[in-house]
Amino acid sequence: MTQAELASRAGVTVETVARLERVLRGRASANANPSLETMERIASSLGVDVSDLVSPSKTRPKDDRLNVVLRGASSTVRRRVLVLTEALIRDEQSEARQAKADGKSEGKKADGKSEGKKVDGKSDGKLKRAVKRR
């Protein structure tokens with residue numbers, strides 16, 4: 001992808017992309033502090049996280065399933081997925097705190113047997129079967 005193509009996708013100028021590329025390669029540039037919004041736009045256009053732009057990690061897998069699925073998605077869809085994911089994680093953490101406060105381990109009945117967690121009125125098993133059918 002050329003700098004011009006990236007600039008067009010991200011909604012920034014070609015000069016902005018060129019300047020950031022120089023900064024990321026360790027060369028001097030007039031504006032070495034791009035805004036977070038600019039970095040998010042460019043990262044979104046490239047299908048990567050902002051953290052990948054500023055400090056690429058060789059230990060983190062580049063093609064995990066979620067990244068692969070979201071790579072072709074619009075920035076609007078990516079934002080929606082992020083909001084949904086954050087909500088699910090908050091709910092899970094809240095449930096874990098509540099279970100701990102109640103003196104129970106999550107997913108266990110008083111008799112020690114596992115109980116299926118319900119999601120949208122379906123137990124885990126039913127939900128998994130429903131997802132497999134799609």
# chains A, B, ... in the order shown; residues from 1 in each chain; ligands from 1
call {"tool": "select_by_dssp", "arguments": {"residues": "segment 4-105 of chain A", "states": "helix (DSSP H, G or I)", "output": "ChimeraX atom specification"}}
result
/A:4-10,14-24,36-46,50-54,65-70,75-101
call {"tool": "write_last_selection", "arguments": {"atoms": "C-alpha atoms", "output": "mmCIF file, in the first residue's frame"}}
result
data_model
loop_
_atom_site.group_PDB
_atom_site.id
_atom_site.type_symbol
_atom_site.label_atom_id
_atom_site.label_comp_id
_atom_site.auth_asym_id
_atom_site.auth_seq_id
_atom_site.Cartn_x
_atom_site.Cartn_y
_atom_site.Cartn_z
ATOM 1 C CA ALA A 4 -1.228 8.061 -0.687
ATOM 2 C CA GLU A 5 -3.546 5.028 -0.413
ATOM 3 C CA LEU A 6 -3.082 4.850 3.342
ATOM 4 C CA ALA A 7 -3.677 8.589 3.708
ATOM 5 C CA SER A 8 -6.872 8.325 1.684
ATOM 6 C CA ARG A 9 -8.182 5.368 3.722
ATOM 7 C CA ALA A 10 -7.317 7.026 7.027
ATOM 8 C CA VAL A 14 0.028 12.150 2.608
ATOM 9 C CA GLU A 15 2.450 14.429 4.466
ATOM 10 C CA THR A 16 1.053 13.173 7.792
ATOM 11 C CA VAL A 17 1.668 9.559 6.763
ATOM 12 C CA ALA A 18 5.178 10.373 5.493
ATOM 13 C CA ARG A 19 6.028 12.271 8.688
ATOM 14 C CA LEU A 20 4.795 9.412 10.917
ATOM 15 C CA GLU A 21 6.713 6.875 8.882
ATOM 16 C CA ARG A 22 9.889 8.878 9.403
ATOM 17 C CA VAL A 23 9.213 9.073 13.150
ATOM 18 C CA LEU A 24 8.505 5.347 13.409
ATOM 19 C CA LEU A 36 -4.220 9.726 19.245
ATOM 20 C CA GLU A 37 -7.050 10.240 16.762
ATOM 21 C CA THR A 38 -4.563 10.305 13.870
ATOM 22 C CA MET A 39 -2.844 7.170 15.155
ATOM 23 C CA GLU A 40 -6.221 5.408 15.568
ATOM 24 C CA ARG A 41 -7.242 6.317 12.015
ATOM 25 C CA ILE A 42 -4.015 4.991 10.552
ATOM 26 C CA ALA A 43 -4.029 1.856 12.698
ATOM 27 C CA SER A 44 -7.643 1.168 11.752
ATOM 28 C CA SER A 45 -6.836 1.612 8.060
ATOM 29 C CA LEU A 46 -3.968 -0.855 8.387
ATOM 30 C CA VAL A 50 -2.263 1.609 17.753
ATOM 31 C CA SER A 51 0.192 -0.203 20.026
ATOM 32 C CA ASP A 52 1.498 -2.089 16.984
ATOM 33 C CA LEU A 53 2.399 1.227 15.376
ATOM 34 C CA VAL A 54 4.312 2.622 18.328
ATOM 35 C CA ARG A 65 -8.644 -14.974 14.703
ATOM 36 C CA LEU A 66 -10.269 -11.725 15.833
ATOM 37 C CA ASN A 67 -7.710 -9.588 13.995
ATOM 38 C CA VAL A 68 -8.163 -11.672 10.857
ATOM 39 C CA VAL A 69 -11.950 -11.336 11.004
ATOM 40 C CA LEU A 70 -11.851 -7.600 11.708
ATOM 41 C CA SER A 75 -13.946 1.366 11.446
ATOM 42 C CA THR A 76 -17.585 1.632 12.569
ATOM 43 C CA VAL A 77 -17.888 -2.142 12.878
ATOM 44 C CA ARG A 78 -14.560 -2.312 14.720
ATOM 45 C CA ARG A 79 -15.718 0.309 17.221
ATOM 46 C CA ARG A 80 -18.980 -1.616 17.783
ATOM 47 C CA VAL A 81 -17.073 -4.859 18.342
ATOM 48 C CA LEU A 82 -14.783 -3.078 20.803
ATOM 49 C CA VAL A 83 -17.721 -1.618 22.743
ATOM 50 C CA LEU A 84 -19.453 -5.003 22.836
ATOM 51 C CA THR A 85 -16.274 -6.779 23.915
ATOM 52 C CA GLU A 86 -15.634 -4.272 26.693
ATOM 53 C CA ALA A 87 -19.234 -4.709 27.916
ATOM 54 C CA LEU A 88 -18.914 -8.505 27.940
ATOM 55 C CA ILE A 89 -15.652 -8.340 29.881
ATOM 56 C CA ARG A 90 -17.137 -5.898 32.415
ATOM 57 C CA ASP A 91 -20.161 -8.198 32.876
ATOM 58 C CA GLU A 92 -17.936 -11.220 33.345
ATOM 59 C CA GLN A 93 -15.778 -9.409 35.898
ATOM 60 C CA SER A 94 -18.867 -8.156 37.726
ATOM 61 C CA GLU A 95 -20.320 -11.676 37.858
ATOM 62 C CA ALA A 96 -17.017 -13.045 39.167
ATOM 63 C CA ARG A 97 -16.907 -10.384 41.895
ATOM 64 C CA GLN A 98 -20.510 -11.115 42.824
ATOM 65 C CA ALA A 99 -19.881 -14.861 42.954
ATOM 66 C CA LYS A 100 -16.843 -14.276 45.151
ATOM 67 C CA ALA A 101 -18.855 -12.006 47.428
#
